[in-house]
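See below for the structure under consideration.
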2 protein chains.
Amino acid sequence: MADANSHTQASPLFLREAEIRRGVELLYFGYANMVRGADGVLATRGLGRAHHRAMYFIARRPGLPVSDLLRLLAITKQSLSRVLGDLQTMQLVAVAVGARDRRQRLLTLTTEGAALEAALFEELRRGMAAAYTAAGQGSVTGFWAVLAGLIPQADRPLVEALQAGL
Amino acid sequence: MADANSHTQASPLFLREAEIRRGVELLYFGYANMVRGADGVLATRGLGRAHHRAMYFIARRPGLPVSDLLRLLAITKQSLSRVLGDLQTMQLVAVAVGARDRRQRLLTLTTEGAALEAALFEELRRGMAAAYTAAGQGSVTGFWAVLAGLIPQADRPLVEALQAGL
DNA sequence: CGAAGTAGGTCAACATGGCTGACGCAAATT
DNA sequence: AATTTGCGTCAGCCATGTTGACCTACTTCG
């Protein structure tokens, strides 16, 4: 890590191709390894990564309307409906009619769904906590800052809303 | 692990669930947005993300044997062979018989393949460079450190070999 | 040398999770 | 009253992953 700072003066080199590629590759492998951890748990239930993503966001924002989940996942409603159908059939997700807007379907995890999500999250937590610890707290801020910079302006409110009021 | 936390007063909170979830989410959205950038270029050629990943690593390590590419992508050879077949048919990738080991097929990009990879890389570069700039150089080191920590020990040499001798 | 292991290719069948397009309905908005 | 919005659904297609079986060519090792 002292090595990574070895170009102390040279700003012109800051955006060199090698540094971009390093970021691309670490992001690729880091993401792949993070999600791989949960696959084992998912397999025991016959679920896939798409189910995990949906459950994750529902856990994060109980009462989430379908339209919000669609925006977060950035997939079509046809794709989501298959996943959501599975989760409802398996009694992992429950829907409620919106109070303010009765057209909305508000999504929540059932008790069983919450338990499964917790088990899945534990897999993510294990890897992420180890990475935070190995890198040190100072690194975590930088990690967040660069990743936030990858998200287009237009999408940031979506992500921030997810993380608001923790 | 107590040691890594010991330099702040809020140590017990360092690995709080909210901070883990923030990392998970930023990693998810950051990765998704990075790769989305190249989709437009890929679509003009009728290619998918799997083709991009293969071309990326071949560009990164010209003369890469198939077995190494398989390890990097972590997919089966049957899956890869479809992708590689497409790329060879489209004259984007060329194969050569290994000199030391004649069983090996060493992969390289053709001139046309290299041009396409450059265009795809430019899409990645744009987003990553903007994120590096917005976050600042200090953040980039932390970004790398945390991501590296997500990669299991066993896989690190693979990634480091990719980045060696830049 | 001969046996065993390795690098790679191939056929076939199947699963997952995206997509488009076309409809329909109930509820909210104007 | 007309329009828009939120959601669901049928039907079919595509990209990309999987398993398992089987094959050749080449290298390595006893």
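Every chain in the structure tokens takes a letter, A first, then B, and so on in the order presented; its residues are numbered from 1, and the ligands are numbered from 1 following the presented order.
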
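For chain A and chain B, which have identical sequences, superposing all Cα atoms of the second on the first gives an RMSD of 3.7 Å.
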
Could you please tell me, as a short mmCIF file (atom, residue, chain, number, x, y, z; two decimals) with all heavy atoms, in the first residue's frame, which residues of chain B have an atom within 7 Å of chain D when using only C-alpha atoms (C1' of nucleotides)?
data_model
loop_
_atom_site.label_atom_id
_atom_site.label_comp_id
_atom_site.auth_asym_id
_atom_site.auth_seq_id
_atom_site.Cartn_x
_atom_site.Cartn_y
_atom_site.Cartn_z
N SER B 79 -18.97 -23.33 -21.71
CA SER B 79 -19.49 -21.96 -21.81
C SER B 79 -18.49 -21.08 -22.56
O SER B 79 -18.85 -20.31 -23.45
CB SER B 79 -19.72 -21.36 -20.42
OG SER B 79 -20.75 -22.04 -19.76
N ARG B 102 2.74 -27.75 -26.93
CA ARG B 102 1.94 -27.68 -28.16
C ARG B 102 0.47 -28.04 -27.94
O ARG B 102 -0.33 -27.94 -28.88
CB ARG B 102 2.56 -28.59 -29.21
CG ARG B 102 3.91 -28.08 -29.73
CD ARG B 102 4.68 -29.13 -30.52
NE ARG B 102 3.80 -29.93 -31.40
CZ ARG B 102 3.33 -29.51 -32.57
NH1 ARG B 102 3.64 -28.31 -33.02
NH2 ARG B 102 2.57 -30.30 -33.29
N ARG B 103 0.11 -28.45 -26.73
CA ARG B 103 -1.31 -28.69 -26.47
C ARG B 103 -2.05 -27.38 -26.26
O ARG B 103 -3.25 -27.28 -26.46
CB ARG B 103 -1.48 -29.55 -25.20
CG ARG B 103 -1.06 -30.97 -25.36
CD ARG B 103 -1.06 -31.65 -24.00
NE ARG B 103 -0.21 -30.95 -23.04
CZ ARG B 103 -0.04 -31.34 -21.79
NH1 ARG B 103 -0.67 -32.37 -21.31
NH2 ARG B 103 0.75 -30.67 -20.99
#

Go through chain C residue by residue and, counting only C-alpha atoms (C1' of nucleotides), keep those with an atom at most 12 Å from chain B; for each kept residue give the shortest atom pair and its distance in Å to one decimal, ordered by chain and increasing number, as CSV.
residue,atom,partner,partner_atom,distance
C:DT6,C1',B:Arg103,CA,8.6
C:DA7,C1',B:Arg103,CA,5.3
C:DG8,C1',B:Arg103,CA,7.2
C:DG9,C1',B:Ser81,CA,8.1
C:DT10,C1',B:Gln78,CA,8.5
C:DC11,C1',B:Gln78,CA,10.4
C:DA12,C1',B:Gln78,CA,11.6
C:DG18,C1',B:Gly48,CA,11.9

Based on the selection just made, write N, CA and C atoms (P, O5', C5', C4', C3', O3' and C1' of nucleotides) of those residues as a PDB file, in the first residue's frame.
ATOM      1  P    DT C   6      -3.061 -33.942 -14.050  1.00  0.00           P
ATOM      2  O5'  DT C   6      -2.925 -33.175 -15.443  1.00  0.00           O
ATOM      3  C5'  DT C   6      -1.632 -32.829 -15.897  1.00  0.00           C
ATOM      4  C4'  DT C   6      -1.766 -32.103 -17.210  1.00  0.00           C
ATOM      5  C3'  DT C   6      -2.855 -31.031 -17.198  1.00  0.00           C
ATOM      6  O3'  DT C   6      -2.305 -29.889 -17.815  1.00  0.00           O
ATOM      7  C1'  DT C   6      -3.181 -32.507 -19.003  1.00  0.00           C
ATOM      8  P    DA C   7      -3.108 -28.557 -17.842  1.00  0.00           P
ATOM      9  O5'  DA C   7      -3.468 -28.475 -19.390  1.00  0.00           O
ATOM     10  C5'  DA C   7      -2.445 -28.204 -20.339  1.00  0.00           C
ATOM     11  C4'  DA C   7      -3.083 -27.928 -21.693  1.00  0.00           C
ATOM     12  C3'  DA C   7      -4.274 -26.954 -21.596  1.00  0.00           C
ATOM     13  O3'  DA C   7      -4.153 -25.998 -22.645  1.00  0.00           O
ATOM     14  C1'  DA C   7      -4.954 -29.015 -22.588  1.00  0.00           C
ATOM     15  P    DG C   8      -5.277 -24.893 -22.815  1.00  0.00           P
ATOM     16  O5'  DG C   8      -6.324 -25.649 -23.731  1.00  0.00           O
ATOM     17  C5'  DG C   8      -5.926 -26.004 -25.037  1.00  0.00           C
ATOM     18  C4'  DG C   8      -6.986 -26.842 -25.686  1.00  0.00           C
ATOM     19  C3'  DG C   8      -8.363 -26.177 -25.757  1.00  0.00           C
ATOM     20  O3'  DG C   8      -8.526 -25.680 -27.077  1.00  0.00           O
ATOM     21  C1'  DG C   8      -8.443 -28.545 -25.343  1.00  0.00           C
ATOM     22  P    DG C   9      -9.918 -25.013 -27.496  1.00  0.00           P
ATOM     23  O5'  DG C   9     -10.768 -26.256 -28.026  1.00  0.00           O
ATOM     24  C5'  DG C   9     -10.261 -27.021 -29.098  1.00  0.00           C
ATOM     25  C4'  DG C   9     -11.266 -28.104 -29.457  1.00  0.00           C
ATOM     26  C3'  DG C   9     -12.692 -27.587 -29.638  1.00  0.00           C
ATOM     27  O3'  DG C   9     -13.132 -27.969 -30.933  1.00  0.00           O
ATOM     28  C1'  DG C   9     -12.659 -29.465 -28.178  1.00  0.00           C
ATOM     29  P    DT C  10     -14.536 -27.523 -31.487  1.00  0.00           P
ATOM     30  O5'  DT C  10     -15.478 -28.702 -30.982  1.00  0.00           O
ATOM     31  C5'  DT C  10     -15.219 -30.038 -31.403  1.00  0.00           C
ATOM     32  C4'  DT C  10     -16.348 -30.916 -30.919  1.00  0.00           C
ATOM     33  C3'  DT C  10     -17.720 -30.232 -31.021  1.00  0.00           C
ATOM     34  O3'  DT C  10     -18.572 -31.061 -31.776  1.00  0.00           O
ATOM     35  C1'  DT C  10     -17.402 -31.179 -28.874  1.00  0.00           C
ATOM     36  P    DC C  11     -19.955 -30.479 -32.373  1.00  0.00           P
ATOM     37  O5'  DC C  11     -21.040 -31.470 -31.750  1.00  0.00           O
ATOM     38  C5'  DC C  11     -20.742 -32.876 -31.691  1.00  0.00           C
ATOM     39  C4'  DC C  11     -21.745 -33.555 -30.777  1.00  0.00           C
ATOM     40  C3'  DC C  11     -23.114 -32.869 -30.777  1.00  0.00           C
ATOM     41  O3'  DC C  11     -24.161 -33.820 -30.886  1.00  0.00           O
ATOM     42  C1'  DC C  11     -22.260 -33.007 -28.564  1.00  0.00           C
ATOM     43  P    DA C  12     -25.670 -33.326 -31.193  1.00  0.00           P
ATOM     44  O5'  DA C  12     -26.448 -33.765 -29.892  1.00  0.00           O
ATOM     45  C5'  DA C  12     -25.904 -34.704 -28.954  1.00  0.00           C
ATOM     46  C4'  DA C  12     -26.638 -34.544 -27.645  1.00  0.00           C
ATOM     47  C3'  DA C  12     -27.893 -33.675 -27.750  1.00  0.00           C
ATOM     48  O3'  DA C  12     -28.951 -34.288 -27.031  1.00  0.00           O
ATOM     49  C1'  DA C  12     -26.493 -32.846 -26.047  1.00  0.00           C
ATOM     50  P    DG C  18     -32.091 -10.997 -13.635  1.00  0.00           P
ATOM     51  O5'  DG C  18     -31.947  -9.922 -14.789  1.00  0.00           O
ATOM     52  C5'  DG C  18     -32.963  -9.696 -15.724  1.00  0.00           C
ATOM     53  C4'  DG C  18     -32.398  -9.754 -17.135  1.00  0.00           C
ATOM     54  C3'  DG C  18     -33.343  -9.113 -18.157  1.00  0.00           C
ATOM     55  O3'  DG C  18     -33.059  -7.739 -18.280  1.00  0.00           O
ATOM     56  C1'  DG C  18     -32.718 -11.255 -18.891  1.00  0.00           C
TER      57       DG C  18
END

Quick one: which chain A residues come within 7 Å of chain B, and what is the nearest atom pair for each with the distance in Å to one decimal, counting only C-alpha atoms, rows ordered by chain and ascending number, as a Markdown table?
| residue | atom | partner | partner_atom | distance |
| --- | --- | --- | --- | --- |
| A:Ala4 | CA | B:Thr141 | CA | 6.6 |
| A:Leu15 | CA | B:Ala129 | CA | 6.3 |
| A:Ala18 | CA | B:Leu166 | CA | 6.4 |
| A:Ile20 | CA | B:Arg125 | CA | 6.2 |
| A:Arg22 | CA | B:Gln163 | CA | 6.9 |
| A:Gly23 | CA | B:Trp144 | CA | 6.7 |
| A:Leu26 | CA | B:Leu147 | CA | 5.7 |
| A:Leu27 | CA | B:Leu147 | CA | 6.5 |
| A:Phe29 | CA | B:Ile151 | CA | 6.7 |
| A:Gly30 | CA | B:Leu147 | CA | 5.2 |
| A:Tyr31 | CA | B:Leu27 | CA | 6.6 |
| A:Asn33 | CA | B:Ile151 | CA | 6.2 |
| A:Met34 | CA | B:Leu150 | CA | 6.7 |
| A:Arg125 | CA | B:Ile20 | CA | 6.2 |
| A:Gly127 | CA | B:Leu150 | CA | 6.0 |
| A:Met128 | CA | B:Ile20 | CA | 6.4 |
| A:Ala129 | CA | B:Leu15 | CA | 6.3 |
| A:Ala130 | CA | B:Gly149 | CA | 6.9 |
| A:Ala131 | CA | B:Gly149 | CA | 4.1 |
| A:Tyr132 | CA | B:Val146 | CA | 5.9 |
| A:Thr133 | CA | B:Ala4 | CA | 6.0 |
| A:Ala134 | CA | B:Gly149 | CA | 6.2 |
| A:Ala135 | CA | B:Ala145 | CA | 5.3 |
| A:Gly136 | CA | B:Ala4 | CA | 6.5 |
| A:Gly138 | CA | B:Gly142 | CA | 7.0 |
| A:Ser139 | CA | B:Gly142 | CA | 3.6 |
| A:Val140 | CA | B:Gly142 | CA | 6.1 |
| A:Gly142 | CA | B:Ser139 | CA | 3.6 |
| A:Phe143 | CA | B:Phe143 | CA | 3.7 |
| A:Trp144 | CA | B:Gly23 | CA | 6.7 |
| A:Ala145 | CA | B:Ala135 | CA | 5.3 |
| A:Val146 | CA | B:Ala131 | CA | 5.2 |
| A:Leu147 | CA | B:Gly30 | CA | 5.2 |
| A:Ala148 | CA | B:Leu26 | CA | 6.4 |
| A:Gly149 | CA | B:Ala131 | CA | 4.1 |
| A:Leu150 | CA | B:Ala131 | CA | 5.2 |
| A:Ile151 | CA | B:Gly30 | CA | 5.8 |
| A:Gln163 | CA | B:Arg22 | CA | 6.8 |
| A:Leu166 | CA | B:Ala18 | CA | 6.4 |

Keeping only N, CA and C atoms, write the selected residues as an mmCIF file, in the first residue's frame.
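As written to disk, result-v9.cif reads:
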data_model
loop_
_atom_site.group_PDB
_atom_site.id
_atom_site.type_symbol
_atom_site.label_atom_id
_atom_site.label_comp_id
_atom_site.auth_asym_id
_atom_site.auth_seq_id
_atom_site.Cartn_x
_atom_site.Cartn_y
_atom_site.Cartn_z
ATOM 1 N N ALA A 4 1.502 1.798 -3.605
ATOM 2 C CA ALA A 4 0.466 2.413 -4.421
ATOM 3 C C ALA A 4 0.557 3.933 -4.408
ATOM 4 N N LEU A 15 -4.242 9.075 -13.869
ATOM 5 C CA LEU A 15 -5.276 8.344 -14.591
ATOM 6 C C LEU A 15 -4.691 7.415 -15.652
ATOM 7 N N ALA A 18 -2.981 1.771 -16.614
ATOM 8 C CA ALA A 18 -2.753 0.673 -15.672
ATOM 9 C C ALA A 18 -3.588 0.839 -14.407
ATOM 10 N N ILE A 20 -6.433 2.465 -14.158
ATOM 11 C CA ILE A 20 -7.834 2.221 -14.504
ATOM 12 C C ILE A 20 -8.083 0.724 -14.564
ATOM 13 N N ARG A 22 -6.489 -1.660 -13.174
ATOM 14 C CA ARG A 22 -6.432 -2.251 -11.839
ATOM 15 C C ARG A 22 -7.777 -2.094 -11.129
ATOM 16 N N GLY A 23 -8.345 -0.918 -11.245
ATOM 17 C CA GLY A 23 -9.656 -0.686 -10.642
ATOM 18 C C GLY A 23 -10.724 -1.564 -11.263
ATOM 19 N N LEU A 26 -10.133 -5.239 -10.044
ATOM 20 C CA LEU A 26 -10.455 -5.463 -8.639
ATOM 21 C C LEU A 26 -11.958 -5.362 -8.415
ATOM 22 N N LEU A 27 -12.592 -4.453 -9.129
ATOM 23 C CA LEU A 27 -14.042 -4.318 -8.999
ATOM 24 C C LEU A 27 -14.736 -5.574 -9.510
ATOM 25 N N PHE A 29 -13.440 -8.734 -9.782
ATOM 26 C CA PHE A 29 -13.199 -9.882 -8.908
ATOM 27 C C PHE A 29 -13.810 -9.671 -7.526
ATOM 28 N N GLY A 30 -13.758 -8.457 -7.037
ATOM 29 C CA GLY A 30 -14.329 -8.174 -5.736
ATOM 30 C C GLY A 30 -15.829 -8.413 -5.740
ATOM 31 N N TYR A 31 -16.504 -7.917 -6.738
ATOM 32 C CA TYR A 31 -17.948 -8.117 -6.829
ATOM 33 C C TYR A 31 -18.271 -9.600 -6.964
ATOM 34 N N ASN A 33 -16.614 -12.203 -6.080
ATOM 35 C CA ASN A 33 -16.370 -12.965 -4.860
ATOM 36 C C ASN A 33 -17.379 -12.651 -3.768
ATOM 37 N N MET A 34 -17.822 -11.406 -3.720
ATOM 38 C CA MET A 34 -18.813 -11.050 -2.712
ATOM 39 C C MET A 34 -20.084 -11.866 -2.924
ATOM 40 N N ARG A 125 -21.729 -10.301 4.804
ATOM 41 C CA ARG A 125 -21.089 -9.615 5.910
ATOM 42 C C ARG A 125 -19.715 -10.190 6.204
ATOM 43 N N GLY A 127 -17.529 -11.646 4.274
ATOM 44 C CA GLY A 127 -16.503 -11.203 3.327
ATOM 45 C C GLY A 127 -16.207 -9.725 3.436
ATOM 46 N N MET A 128 -17.260 -8.936 3.546
ATOM 47 C CA MET A 128 -17.064 -7.485 3.575
ATOM 48 C C MET A 128 -16.362 -7.060 4.864
ATOM 49 N N ALA A 129 -16.735 -7.663 5.964
ATOM 50 C CA ALA A 129 -16.101 -7.307 7.237
ATOM 51 C C ALA A 129 -14.621 -7.662 7.214
ATOM 52 N N ALA A 130 -14.304 -8.811 6.644
ATOM 53 C CA ALA A 130 -12.898 -9.215 6.553
ATOM 54 C C ALA A 130 -12.127 -8.222 5.689
ATOM 55 N N ALA A 131 -12.739 -7.779 4.608
ATOM 56 C CA ALA A 131 -12.065 -6.832 3.707
ATOM 57 C C ALA A 131 -11.877 -5.480 4.391
ATOM 58 N N TYR A 132 -12.902 -5.031 5.111
ATOM 59 C CA TYR A 132 -12.799 -3.761 5.841
ATOM 60 C C TYR A 132 -11.673 -3.847 6.860
ATOM 61 N N THR A 133 -11.652 -4.946 7.577
ATOM 62 C CA THR A 133 -10.645 -5.111 8.627
ATOM 63 C C THR A 133 -9.244 -5.162 8.036
ATOM 64 N N ALA A 134 -9.083 -5.928 6.978
ATOM 65 C CA ALA A 134 -7.762 -6.054 6.360
ATOM 66 C C ALA A 134 -7.293 -4.725 5.800
ATOM 67 N N ALA A 135 -8.214 -3.950 5.235
ATOM 68 C CA ALA A 135 -7.825 -2.700 4.587
ATOM 69 C C ALA A 135 -7.678 -1.554 5.592
ATOM 70 N N GLY A 136 -8.429 -1.626 6.660
ATOM 71 C CA GLY A 136 -8.389 -0.555 7.656
ATOM 72 C C GLY A 136 -9.478 0.469 7.404
ATOM 73 N N GLY A 138 -9.568 3.674 7.357
ATOM 74 C CA GLY A 138 -9.275 4.773 6.438
ATOM 75 C C GLY A 138 -9.570 4.396 4.997
ATOM 76 N N SER A 139 -9.311 3.157 4.652
ATOM 77 C CA SER A 139 -9.548 2.697 3.283
ATOM 78 C C SER A 139 -11.027 2.630 2.936
ATOM 79 N N VAL A 140 -11.836 2.351 3.949
ATOM 80 C CA VAL A 140 -13.261 2.162 3.688
ATOM 81 C C VAL A 140 -13.896 3.434 3.127
ATOM 82 N N GLY A 142 -12.472 5.701 1.317
ATOM 83 C CA GLY A 142 -12.072 5.818 -0.080
ATOM 84 C C GLY A 142 -12.827 4.838 -0.963
ATOM 85 N N PHE A 143 -12.989 3.654 -0.451
ATOM 86 C CA PHE A 143 -13.759 2.608 -1.148
ATOM 87 C C PHE A 143 -15.156 3.125 -1.484
ATOM 88 N N TRP A 144 -15.812 3.674 -0.487
ATOM 89 C CA TRP A 144 -17.155 4.234 -0.710
ATOM 90 C C TRP A 144 -17.130 5.390 -1.701
ATOM 91 N N ALA A 145 -16.148 6.243 -1.551
ATOM 92 C CA ALA A 145 -16.109 7.453 -2.381
ATOM 93 C C ALA A 145 -15.947 7.116 -3.863
ATOM 94 N N VAL A 146 -15.058 6.186 -4.161
ATOM 95 C CA VAL A 146 -14.854 5.841 -5.574
ATOM 96 C C VAL A 146 -16.095 5.159 -6.134
ATOM 97 N N LEU A 147 -16.655 4.236 -5.374
ATOM 98 C CA LEU A 147 -17.850 3.534 -5.859
ATOM 99 C C LEU A 147 -19.012 4.500 -6.077
ATOM 100 N N ALA A 148 -19.161 5.448 -5.170
ATOM 101 C CA ALA A 148 -20.237 6.428 -5.334
ATOM 102 C C ALA A 148 -20.018 7.220 -6.611
ATOM 103 N N GLY A 149 -18.759 7.478 -6.928
ATOM 104 C CA GLY A 149 -18.439 8.235 -8.138
ATOM 105 C C GLY A 149 -18.753 7.478 -9.415
ATOM 106 N N LEU A 150 -18.891 6.174 -9.324
ATOM 107 C CA LEU A 150 -19.230 5.375 -10.504
ATOM 108 C C LEU A 150 -20.720 5.446 -10.829
ATOM 109 N N ILE A 151 -21.502 5.859 -9.852
ATOM 110 C CA ILE A 151 -22.952 5.905 -10.047
ATOM 111 C C ILE A 151 -23.342 7.229 -10.698
ATOM 112 N N GLN A 163 -30.078 4.197 1.714
ATOM 113 C CA GLN A 163 -29.172 4.213 2.856
ATOM 114 C C GLN A 163 -29.535 5.279 3.889
ATOM 115 N N LEU A 166 -30.282 5.288 8.658
ATOM 116 C CA LEU A 166 -29.779 3.986 9.133
ATOM 117 C C LEU A 166 -29.778 3.935 10.648
#

If you run DSSP on the backbone, which residues of chain B are helix (DSSP H, G or I), as an MDAnalysis selection string? chainID B and resid 2:5 11:13 17:45 49:60 66:73 77:89 111:135 137:150 153:163

Neighbour list for region 87-98 of chain B as a short mmCIF file (atom, residue, chain, number, x, y, z; two decimals) with N, CA, C and O atoms, in the first residue's frame, cut-off 6 Å, only C-alpha atoms (C1' of nucleotides), skip fewer than 4 positions in-chain:
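Once written, part_18.cif looks like this:
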data_model
loop_
_atom_site.label_atom_id
_atom_site.label_comp_id
_atom_site.auth_asym_id
_atom_site.auth_seq_id
_atom_site.Cartn_x
_atom_site.Cartn_y
_atom_site.Cartn_z
N ARG B 102 2.74 -27.75 -26.93
CA ARG B 102 1.94 -27.68 -28.16
C ARG B 102 0.47 -28.04 -27.94
O ARG B 102 -0.33 -27.94 -28.88
N GLN B 104 -1.32 -26.39 -25.80
CA GLN B 104 -1.96 -25.12 -25.48
C GLN B 104 -2.40 -24.34 -26.71
O GLN B 104 -1.76 -24.40 -27.75
N ARG B 105 -3.49 -23.61 -26.55
CA ARG B 105 -3.96 -22.68 -27.57
C ARG B 105 -3.80 -21.29 -26.98
O ARG B 105 -4.46 -20.95 -26.00
N LEU B 106 -2.91 -20.52 -27.53
CA LEU B 106 -2.64 -19.18 -26.99
C LEU B 106 -3.51 -18.16 -27.71
O LEU B 106 -3.53 -18.09 -28.94
N LEU B 107 -4.20 -17.38 -26.91
CA LEU B 107 -5.19 -16.45 -27.45
C LEU B 107 -4.63 -15.04 -27.60
O LEU B 107 -3.98 -14.53 -26.70
N THR B 108 -4.92 -14.43 -28.74
CA THR B 108 -4.55 -13.02 -28.96
C THR B 108 -5.71 -12.34 -29.67
O THR B 108 -6.54 -13.00 -30.29
N LEU B 109 -5.74 -11.01 -29.57
CA LEU B 109 -6.74 -10.25 -30.32
C LEU B 109 -6.17 -9.96 -31.70
O LEU B 109 -4.97 -9.71 -31.85
N THR B 110 -7.03 -10.02 -32.70
CA THR B 110 -6.62 -9.57 -34.04
C THR B 110 -6.57 -8.04 -34.01
O THR B 110 -6.94 -7.42 -33.00
N GLU B 112 -8.47 -6.06 -35.58
CA GLU B 112 -9.87 -5.63 -35.43
C GLU B 112 -10.35 -5.85 -33.99
O GLU B 112 -11.06 -5.02 -33.43
N GLY B 113 -9.94 -6.98 -33.42
CA GLY B 113 -10.32 -7.27 -32.04
C GLY B 113 -9.74 -6.26 -31.08
O GLY B 113 -10.42 -5.81 -30.14
#

Residues of region 73-125 of chain A classed as strand (DSSP E or B) by DSSP on the backbone are to be reported as a list in words. Val93, Ala94, Val95, Ala96, Val97, Arg105, Leu106, Leu107, Thr108 and Leu109 of chain A

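Here CA of Pro62 (chain B) is placed at a distance of 12.3 Å from CA of Thr111 (chain B).
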